[in-house]
Amino acid sequence: MSKNSFKVLRPGINTTFQDLGRDNFYHVGLPFSGAIDKRNFLIANSLITNKEDEAVLEFAYQGPLLEFSGSQTSIVITGNVNFKIIKKDTSEIKGECYRTYNLNNKDCLDIISTEKSVYGYLSVKGGFQINKFCNSYSTTVRAEVGPNDGKKIEIGQTIILNTVDASIKKSLEHLNSKIEFIRVIKGTNFDYFSEDSIKDFTSKDFVVSKLTDRMGMRLSGPKIKNLKKTNIKSEGLGKGVIQVPADGDPIVMLSDHGTIGGYPKIAVVISADYDKLAQCPPGEKIKFKIISLTEAENLYKIYTMETKNIINKIR
Amino acid sequence: MIKNIYNLGDAALYCDFGDTVNKETNLKVINYFNNIREKNITGIKNIAPSYNKLIIYFDLELTNFKKIKDIVQNLDISTFEATKTKAVKIPVCFDDEFALDLERVEKKAGITKKEIVNQFISQKYFCYMTGFIAGMPFLGDIKKKIRLDRLETPRVKVPKGSVGITEQFCNIYTFESPGGWNIIGNSPKKVFTKNSNKLTLIDSGDEVEFFEISKKEYSKFYEQK
């Protein structure tokens, strides 16, 4: 009996293998990478009863069209995703997120698009037959490292699955929380910016621009005016750091960001709000709110507790 | 040694070693980096050294800013081991095909291409840090005669292997990338590898020397895709 596999009939726009990220390599220029939306990644693996850090396929905007070959497997999709399953006899099942489905030989999974969001996750029972690079299944396309030779998945390729047989039946009522503010902590160059600009930064809308990918998110809105200097000595960056270059449009660093940068840091998105921000598609309006470190630490505790509570509701 | 410690967001410690960028300050940063790494402190996920800063990322589920700050502040630096470094030699071809900005440098510096190349290869460089893109070394300090600002409009794509200069620094583009440095040549040497035991050819603290190769030799040296 041959192994269970997917044939990629359409790869989608940016479909990569990801896990919880790769630690310990900032000093050589490799960012964490990993699933951008940690909560949806964890829920996907919990629903399909995988290990917490099993690799998944992350897709953005348009997802892949995959043809399954083999005996049977179980899959789940998390996020806000429009997808369908096309059975071998061409009948179609409209897909619901946070609900497992079984796939049989020659069934197709058509992940059409993410809705009012950017990233979605496909987890398969038992995971994929792929190799770790430096202890992680995460892909960093720009450095060509990770499973699949560090590349996005491509049309025509075959993805081998780990488990030969599976039949899982789980689901979850999941409500996506609505965002009101993206909460931030003052950055290390906060005092470089004019009082008016700080006021704008914390009261006006910023729009997510089309120049947004796994590396970073460019925002447009009121120009942020720098009073001191528009370049600093190059130094480390991190997920959620908001830099402001000379043109005054902020850039938020996302999971595949360059590890060193020389623009002043106005603020840093708190860990609890990172998923929510990264899921905002181009055109969406966001508002920032400055909070203290202690508040941010407490909010992260709440965030992890909420994730656990959601996972506990899986039936 | 560390002048100030701040928080960078809620999951990172930002250690400032002072405003000056020189070898002495940078060696302190590298020393802290190596020693913190060796100590395997619970909760630390990543450390990013740069010219005069050290950013330490931690797992907010396991620890927090105050705890990591206390640990870093109380490190016994008298027992720090000196950083082990190595010497690396890098071939560079300065042919017009690769030297995209040599003419610009010629104009700004007011010396001939040959002189620029001679100035560039006549000394050893110190590696301050690696990063931005995987394995990219930030080397210095280049001779005063050939120092100049970044391009006014950065290139959308700098070819892989490009050797660039700006201000007191030089670097090697380990991957095709956007960038604003003045490109004076290209190296066929693989500076970032996928060998997980040894990802980078040049590490912080290393000594780097460049030597000139012809276009013919370049093809022979070529190891990059």
# chains A, B, ... in the order shown; residues from 1 in each chain; ligands from 1
call {"tool": "residues_around", "arguments": {"residues": "range 211-213 of chain B", "least_positions_apart": "2", "cutoff": "7 Å", "atoms": "only C-alpha atoms", "output": "number ranges by chain"}}
result
B: 90-93, 121, 209, 215, 217-218
call {"tool": "write_last_selection", "arguments": {"atoms": "N, CA and C atoms", "output": "PDB file, in the first residue's frame"}}
result
ATOM      1  N   ILE B  90      38.151  35.840   1.693  1.00  0.00           N
ATOM      2  CA  ILE B  90      37.022  35.865   0.749  1.00  0.00           C
ATOM      3  C   ILE B  90      37.477  36.375  -0.620  1.00  0.00           C
ATOM      4  N   PRO B  91      37.267  35.580  -1.670  1.00  0.00           N
ATOM      5  CA  PRO B  91      37.596  36.047  -3.027  1.00  0.00           C
ATOM      6  C   PRO B  91      36.530  37.003  -3.546  1.00  0.00           C
ATOM      7  N   VAL B  92      36.975  38.060  -4.210  1.00  0.00           N
ATOM      8  CA  VAL B  92      36.006  39.005  -4.797  1.00  0.00           C
ATOM      9  C   VAL B  92      36.427  39.333  -6.222  1.00  0.00           C
ATOM     10  N   CYS B  93      35.455  39.330  -7.118  1.00  0.00           N
ATOM     11  CA  CYS B  93      35.700  39.765  -8.484  1.00  0.00           C
ATOM     12  C   CYS B  93      35.162  41.191  -8.629  1.00  0.00           C
ATOM     13  N   ILE B 121      41.194  46.021  -0.579  1.00  0.00           N
ATOM     14  CA  ILE B 121      41.781  44.711  -0.264  1.00  0.00           C
ATOM     15  C   ILE B 121      43.071  44.799   0.547  1.00  0.00           C
ATOM     16  N   GLU B 209      39.523  38.937   5.366  1.00  0.00           N
ATOM     17  CA  GLU B 209      40.383  39.552   4.372  1.00  0.00           C
ATOM     18  C   GLU B 209      39.801  39.249   2.992  1.00  0.00           C
ATOM     19  N   LYS B 215      37.537  37.300 -13.619  1.00  0.00           N
ATOM     20  CA  LYS B 215      36.237  36.748 -13.971  1.00  0.00           C
ATOM     21  C   LYS B 215      36.332  35.248 -14.252  1.00  0.00           C
ATOM     22  N   GLU B 217      38.509  33.185 -12.898  1.00  0.00           N
ATOM     23  CA  GLU B 217      38.638  32.490 -11.607  1.00  0.00           C
ATOM     24  C   GLU B 217      37.297  32.445 -10.875  1.00  0.00           C
ATOM     25  N   TYR B 218      36.513  33.493 -11.079  1.00  0.00           N
ATOM     26  CA  TYR B 218      35.201  33.579 -10.426  1.00  0.00           C
ATOM     27  C   TYR B 218      34.366  32.340 -10.748  1.00  0.00           C
TER      28      TYR B 218
END
call {"tool": "select_by_dssp", "arguments": {"residues": "range 110-260 of chain A", "states": "strand (DSSP E)", "output": "NGL selection string"}}
result
:A and (110-114 or 119-124 or 158-160 or 182-186 or 206-212 or 216-220 or 235-236 or 241-243 or 251-253 or 260)
call {"tool": "write_last_selection", "arguments": {"atoms": "N, CA and C atoms", "output": "CSV table (one decimal), in the first residue's frame"}}
result
chain,number,residue,atom,x,y,z
A,110,ASP,N,-10.2,22.0,-1.6
A,110,ASP,CA,-10.0,23.2,-2.4
A,110,ASP,C,-10.1,24.4,-1.3
A,111,ILE,N,-9.0,24.9,-1.0
A,111,ILE,CA,-8.9,26.0,0.0
A,111,ILE,C,-9.0,27.3,-0.8
A,112,ILE,N,-10.2,27.8,-0.9
A,112,ILE,CA,-10.5,28.9,-1.9
A,112,ILE,C,-9.9,30.3,-1.4
A,113,SER,N,-10.2,30.7,-0.2
A,113,SER,CA,-9.6,31.9,0.2
A,113,SER,C,-9.8,32.2,1.7
A,114,THR,N,-9.0,33.0,2.3
A,114,THR,CA,-9.3,33.5,3.6
A,114,THR,C,-10.2,34.7,3.6
A,119,TYR,N,-4.3,34.8,7.2
A,119,TYR,CA,-3.7,33.4,7.3
A,119,TYR,C,-4.7,32.4,7.7
A,120,GLY,N,-4.6,31.2,7.2
A,120,GLY,CA,-5.3,30.0,7.6
A,120,GLY,C,-4.4,28.8,7.7
A,121,TYR,N,-4.9,27.8,8.4
A,121,TYR,CA,-4.0,26.6,8.7
A,121,TYR,C,-4.7,25.3,8.4
A,122,LEU,N,-3.9,24.5,7.7
A,122,LEU,CA,-4.4,23.1,7.4
A,122,LEU,C,-3.5,22.1,8.2
A,123,SER,N,-4.2,21.4,9.1
A,123,SER,CA,-3.5,20.4,9.9
A,123,SER,C,-4.0,19.0,9.5
A,124,VAL,N,-3.1,18.1,9.4
A,124,VAL,CA,-3.4,16.7,8.9
A,124,VAL,C,-3.1,15.8,10.1
A,158,THR,N,4.3,16.5,-4.8
A,158,THR,CA,3.6,15.6,-4.0
A,158,THR,C,4.1,15.8,-2.5
A,159,ILE,N,3.1,15.9,-1.6
A,159,ILE,CA,3.4,16.0,-0.2
A,159,ILE,C,3.0,14.7,0.5
A,160,ILE,N,4.0,14.1,1.1
A,160,ILE,CA,3.7,12.8,1.8
A,160,ILE,C,3.2,13.0,3.2
A,182,ILE,N,-5.1,47.8,18.7
A,182,ILE,CA,-3.9,47.0,18.8
A,182,ILE,C,-3.1,47.7,19.9
A,183,ARG,N,-2.8,46.9,21.0
A,183,ARG,CA,-2.1,47.5,22.1
A,183,ARG,C,-0.6,47.4,21.9
A,184,VAL,N,0.1,48.5,22.3
A,184,VAL,CA,1.5,48.6,22.1
A,184,VAL,C,2.2,49.1,23.3
A,185,ILE,N,3.5,48.8,23.4
A,185,ILE,CA,4.3,49.4,24.5
A,185,ILE,C,5.2,50.4,23.8
A,186,LYS,N,5.6,51.5,24.4
A,186,LYS,CA,6.5,52.5,23.9
A,186,LYS,C,7.8,51.8,23.4
A,206,PHE,N,-4.9,53.9,11.1
A,206,PHE,CA,-3.8,53.5,10.2
A,206,PHE,C,-4.4,52.4,9.3
A,207,VAL,N,-4.0,52.4,8.0
A,207,VAL,CA,-4.6,51.4,7.1
A,207,VAL,C,-3.5,50.5,6.7
A,208,VAL,N,-3.8,49.2,6.8
A,208,VAL,CA,-2.8,48.2,6.3
A,208,VAL,C,-2.6,48.3,4.8
A,209,SER,N,-1.4,48.5,4.3
A,209,SER,CA,-1.2,48.7,2.9
A,209,SER,C,-1.0,47.3,2.2
A,210,LYS,N,-0.9,47.4,0.9
A,210,LYS,CA,-0.7,46.2,0.1
A,210,LYS,C,0.7,45.7,0.3
A,211,LEU,N,1.6,46.5,0.7
A,211,LEU,CA,3.0,46.1,0.9
A,211,LEU,C,3.2,45.3,2.2
A,212,THR,N,2.5,44.2,2.3
A,212,THR,CA,2.5,43.4,3.5
A,212,THR,C,2.7,42.0,3.2
A,216,GLY,N,6.8,41.7,6.9
A,216,GLY,CA,6.4,43.0,7.6
A,216,GLY,C,5.1,43.5,7.0
A,217,MET,N,4.6,44.5,7.8
A,217,MET,CA,3.3,45.1,7.4
A,217,MET,C,3.5,46.6,7.3
A,218,ARG,N,3.3,47.2,6.1
A,218,ARG,CA,3.5,48.6,6.0
A,218,ARG,C,2.1,49.3,6.2
A,219,LEU,N,2.1,50.3,7.0
A,219,LEU,CA,0.9,51.0,7.3
A,219,LEU,C,0.9,52.4,6.6
A,220,SER,N,-0.3,52.9,6.3
A,220,SER,CA,-0.4,54.3,5.8
A,220,SER,C,-1.4,55.0,6.7
A,235,GLU,N,20.6,47.7,14.5
A,235,GLU,CA,20.5,46.8,15.7
A,235,GLU,C,19.4,45.8,15.6
A,236,GLY,N,19.3,44.9,16.5
A,236,GLY,CA,18.3,43.8,16.5
A,236,GLY,C,16.9,44.3,16.3
A,241,VAL,N,7.8,44.7,16.4
A,241,VAL,CA,8.5,46.0,16.5
A,241,VAL,C,8.0,46.9,15.4
A,242,ILE,N,7.6,48.2,15.7
A,242,ILE,CA,7.2,49.1,14.7
A,242,ILE,C,8.3,50.1,14.5
A,243,GLN,N,8.8,50.1,13.3
A,243,GLN,CA,9.9,51.0,12.9
A,243,GLN,C,9.2,52.1,12.0
A,251,ILE,N,6.3,50.6,9.8
A,251,ILE,CA,6.4,49.2,9.3
A,251,ILE,C,6.4,48.4,10.6
A,252,VAL,N,5.4,47.4,10.6
A,252,VAL,CA,5.4,46.4,11.7
A,252,VAL,C,6.2,45.2,11.3
A,253,MET,N,7.2,44.8,12.1
A,253,MET,CA,7.9,43.5,11.8
A,253,MET,C,7.1,42.3,12.1
A,260,ILE,N,18.1,42.6,11.5
A,260,ILE,CA,18.8,43.9,11.9
A,260,ILE,C,18.1,45.0,11.1
call {"tool": "interface_residues", "arguments": {"of": "chain B", "to": "chain A", "cutoff": "6 Å", "atoms": "only C-alpha atoms", "output": "number ranges by chain"}}
result
B: 9-10, 45-46, 48, 50, 130-135, 196
call {"tool": "write_last_selection", "arguments": {"atoms": "C-alpha atoms", "output": "mmCIF file, in the first residue's frame"}}
result
data_model
loop_
_atom_site.group_PDB
_atom_site.id
_atom_site.type_symbol
_atom_site.label_atom_id
_atom_site.label_comp_id
_atom_site.auth_asym_id
_atom_site.auth_seq_id
_atom_site.Cartn_x
_atom_site.Cartn_y
_atom_site.Cartn_z
ATOM 1 C CA GLY B 9 8.004 45.181 23.984
ATOM 2 C CA ASP B 10 6.933 42.634 26.593
ATOM 3 C CA LYS B 45 14.710 31.972 23.153
ATOM 4 C CA ASN B 46 17.005 34.106 21.037
ATOM 5 C CA ALA B 48 20.612 39.321 18.741
ATOM 6 C CA SER B 50 24.713 44.193 17.064
ATOM 7 C CA THR B 130 25.755 39.010 11.101
ATOM 8 C CA GLY B 131 22.139 39.402 10.135
ATOM 9 C CA PHE B 132 19.478 41.416 8.357
ATOM 10 C CA ILE B 133 19.428 38.542 5.861
ATOM 11 C CA ALA B 134 20.782 35.139 6.886
ATOM 12 C CA GLY B 135 24.570 35.124 7.231
ATOM 13 C CA SER B 196 22.938 23.075 10.392
#
call {"tool": "select_by_dssp", "arguments": {"residues": "range 63-154 of chain B", "states": "helix (DSSP H, G or I)", "output": "number ranges by chain"}}
result
B: 65-73, 77-79, 102-109, 113-121, 144-146
call {"tool": "residues_around", "arguments": {"residues": "Arg214 in chain A", "least_positions_apart": "5", "cutoff": "8 Å", "atoms": "only C-alpha atoms", "output": "list in words"}}
result
Ile36, Leu254, Ser255, Asp256 and His257 of chain A
call {"tool": "residues_around", "arguments": {"residues": "range 166-181 of chain A", "least_positions_apart": "3", "cutoff": "7 Å", "atoms": "only C-alpha atoms", "output": "PDB file with N, CA and C atoms, in the first residue's frame"}}
result
ATOM      1  N   LEU A  47      -7.380  20.080  17.517  1.00  0.00           N
ATOM      2  CA  LEU A  47      -8.591  19.497  16.932  1.00  0.00           C
ATOM      3  C   LEU A  47      -8.312  18.155  16.260  1.00  0.00           C
ATOM      4  N   ILE A  48      -7.179  18.074  15.613  1.00  0.00           N
ATOM      5  CA  ILE A  48      -6.871  16.858  14.855  1.00  0.00           C
ATOM      6  C   ILE A  48      -6.111  15.844  15.729  1.00  0.00           C
ATOM      7  N   GLN A  72      -7.232   6.698   3.879  1.00  0.00           N
ATOM      8  CA  GLN A  72      -8.092   7.725   4.475  1.00  0.00           C
ATOM      9  C   GLN A  72      -7.248   8.611   5.384  1.00  0.00           C
ATOM     10  N   THR A  73      -7.613   9.864   5.452  1.00  0.00           N
ATOM     11  CA  THR A  73      -6.934  10.740   6.411  1.00  0.00           C
ATOM     12  C   THR A  73      -7.941  11.738   6.963  1.00  0.00           C
ATOM     13  N   SER A  74      -7.567  12.391   8.060  1.00  0.00           N
ATOM     14  CA  SER A  74      -8.419  13.422   8.642  1.00  0.00           C
ATOM     15  C   SER A  74      -7.695  14.758   8.597  1.00  0.00           C
ATOM     16  N   TYR A  98     -12.747  24.773  11.931  1.00  0.00           N
ATOM     17  CA  TYR A  98     -12.808  24.213  13.292  1.00  0.00           C
ATOM     18  C   TYR A  98     -13.656  22.944  13.346  1.00  0.00           C
ATOM     19  N   ARG A  99     -13.661  22.188  12.248  1.00  0.00           N
ATOM     20  CA  ARG A  99     -14.386  20.929  12.201  1.00  0.00           C
ATOM     21  C   ARG A  99     -13.581  19.954  11.376  1.00  0.00           C
ATOM     22  N   THR A 100     -13.363  18.758  11.888  1.00  0.00           N
ATOM     23  CA  THR A 100     -12.524  17.805  11.150  1.00  0.00           C
ATOM     24  C   THR A 100     -13.313  17.141  10.027  1.00  0.00           C
ATOM     25  N   ASN A 102     -12.919  13.798   7.043  1.00  0.00           N
ATOM     26  CA  ASN A 102     -12.141  12.673   6.532  1.00  0.00           C
ATOM     27  C   ASN A 102     -12.035  12.796   5.025  1.00  0.00           C
ATOM     28  N   LYS A 125      -3.949  14.819  10.368  1.00  0.00           N
ATOM     29  CA  LYS A 125      -3.644  13.867  11.438  1.00  0.00           C
ATOM     30  C   LYS A 125      -2.297  13.176  11.182  1.00  0.00           C
ATOM     31  N   ILE A 286      -6.669  50.127  11.515  1.00  0.00           N
ATOM     32  CA  ILE A 286      -6.326  49.766  12.889  1.00  0.00           C
ATOM     33  C   ILE A 286      -6.010  51.011  13.706  1.00  0.00           C
ATOM     34  N   LYS A 287      -6.200  50.871  15.021  1.00  0.00           N
ATOM     35  CA  LYS A 287      -5.891  51.962  15.954  1.00  0.00           C
ATOM     36  C   LYS A 287      -4.951  51.419  17.019  1.00  0.00           C
ATOM     37  N   PHE A 288      -3.959  52.210  17.377  1.00  0.00           N
ATOM     38  CA  PHE A 288      -3.020  51.779  18.407  1.00  0.00           C
ATOM     39  C   PHE A 288      -3.360  52.406  19.751  1.00  0.00           C
ATOM     40  N   LYS A 289      -3.023  51.664  20.805  1.00  0.00           N
ATOM     41  CA  LYS A 289      -3.218  52.193  22.153  1.00  0.00           C
ATOM     42  C   LYS A 289      -1.994  51.822  22.976  1.00  0.00           C
ATOM     43  N   LYS A 313     -12.726  23.314  24.976  1.00  0.00           N
ATOM     44  CA  LYS A 313     -14.109  23.184  24.506  1.00  0.00           C
ATOM     45  C   LYS A 313     -14.239  22.244  23.314  1.00  0.00           C
ATOM     46  N   ILE A 314     -13.116  21.709  22.853  1.00  0.00           N
ATOM     47  CA  ILE A 314     -13.171  20.801  21.694  1.00  0.00           C
ATOM     48  C   ILE A 314     -13.947  19.547  22.070  1.00  0.00           C
ATOM     49  N   ARG A 315     -14.906  19.202  21.245  1.00  0.00           N
ATOM     50  CA  ARG A 315     -15.714  17.984  21.488  1.00  0.00           C
ATOM     51  C   ARG A 315     -15.582  17.064  20.299  1.00  0.00           C
TER      52      ARG A 315
END
call {"tool": "closest_residue", "arguments": {"among": "B:Asn186, B:Gln123, B:Ser204, B:Asn197", "to": "Phe221 in chain B", "atoms": "only C-alpha atoms"}}
result
B:Asn186
call {"tool": "residues_around", "arguments": {"residues": "Asn189 in chain A", "least_positions_apart": "5", "cutoff": "10 Å", "atoms": "only C-alpha atoms", "output": "PyMOL selection string"}}
result
chain A and resi 226+228-229+232+243-244+263-267
call {"tool": "write_last_selection", "arguments": {"atoms": "C-alpha atoms", "output": "PDB file, in the first residue's frame"}}
result
ATOM      1  CA  ASN A 226      10.742  62.380  13.467  1.00  0.00           C
ATOM      2  CA  LYS A 228      15.798  63.674  16.101  1.00  0.00           C
ATOM      3  CA  LYS A 229      17.203  61.397  13.389  1.00  0.00           C
ATOM      4  CA  ILE A 232      19.897  54.756  14.082  1.00  0.00           C
ATOM      5  CA  GLN A 243       9.863  51.034  12.863  1.00  0.00           C
ATOM      6  CA  VAL A 244       9.343  54.416  11.255  1.00  0.00           C
ATOM      7  CA  TYR A 263      15.029  52.798  11.611  1.00  0.00           C
ATOM      8  CA  PRO A 264      13.815  54.253  14.914  1.00  0.00           C
ATOM      9  CA  LYS A 265      11.426  52.079  16.905  1.00  0.00           C
ATOM     10  CA  ILE A 266       8.313  53.986  17.925  1.00  0.00           C
ATOM     11  CA  ALA A 267       6.497  51.096  19.628  1.00  0.00           C
TER      12      ALA A 267
END
call {"tool": "residues_around", "arguments": {"residues": "Gly156 in chain A", "least_positions_apart": "4", "cutoff": "12 Å", "atoms": "only C-alpha atoms", "output": "PyMOL selection string"}}
result
chain A and resi 6-11+64-67
call {"tool": "closest_residue", "arguments": {"among": "B:Leu54, B:Met1, B:Ala87, B:Ile41", "to": "Tyr14 in chain B", "atoms": "only C-alpha atoms"}}
result
B:Leu54
call {"tool": "residues_around", "arguments": {"residues": "range 156-169 of chain B", "least_positions_apart": "3", "cutoff": "7 Å", "atoms": "only C-alpha atoms", "output": "ChimeraX atom specification"}}
result
/B:138-142,147-150,172-179,181-188
call {"tool": "write_last_selection", "arguments": {"atoms": "C-alpha atoms", "output": "PDB file, in the first residue's frame"}}
result
ATOM      1  CA  PHE B 138      28.719  43.603   8.800  1.00  0.00           C
ATOM      2  CA  LEU B 139      32.457  44.301   8.524  1.00  0.00           C
ATOM      3  CA  GLY B 140      34.585  47.329   9.314  1.00  0.00           C
ATOM      4  CA  ASP B 141      36.228  49.702   9.267  1.00  0.00           C
ATOM      5  CA  ILE B 142      37.008  50.578   5.662  1.00  0.00           C
ATOM      6  CA  ARG B 147      33.715  55.933   2.708  1.00  0.00           C
ATOM      7  CA  LEU B 148      30.426  57.221   1.338  1.00  0.00           C
ATOM      8  CA  ASP B 149      26.697  57.260   2.069  1.00  0.00           C
ATOM      9  CA  ARG B 150      24.125  54.715   0.985  1.00  0.00           C
ATOM     10  CA  ILE B 172      28.361  40.578   1.517  1.00  0.00           C
ATOM     11  CA  TYR B 173      24.784  40.027   0.298  1.00  0.00           C
ATOM     12  CA  THR B 174      24.307  36.337   1.090  1.00  0.00           C
ATOM     13  CA  PHE B 175      20.962  36.303  -0.738  1.00  0.00           C
ATOM     14  CA  GLU B 176      19.315  38.474  -3.341  1.00  0.00           C
ATOM     15  CA  SER B 177      17.750  41.239  -1.323  1.00  0.00           C
ATOM     16  CA  PRO B 178      16.675  44.866  -1.400  1.00  0.00           C
ATOM     17  CA  GLY B 179      19.533  47.101  -0.302  1.00  0.00           C
ATOM     18  CA  TRP B 181      24.895  49.792  -0.167  1.00  0.00           C
ATOM     19  CA  ASN B 182      27.375  50.734  -2.925  1.00  0.00           C
ATOM     20  CA  ILE B 183      28.189  47.523  -4.772  1.00  0.00           C
ATOM     21  CA  ILE B 184      31.857  47.246  -5.769  1.00  0.00           C
ATOM     22  CA  GLY B 185      32.180  43.532  -6.580  1.00  0.00           C
ATOM     23  CA  ASN B 186      30.843  40.029  -6.119  1.00  0.00           C
ATOM     24  CA  SER B 187      32.086  36.988  -4.250  1.00  0.00           C
ATOM     25  CA  PRO B 188      31.496  33.415  -5.460  1.00  0.00           C
TER      26      PRO B 188
END
call {"tool": "closest_residue", "arguments": {"among": "A:Tyr303, A:Leu227, A:Ser203, A:Ala246", "to": "Asp273 in chain A", "atoms": "only C-alpha atoms"}}
result
A:Tyr303
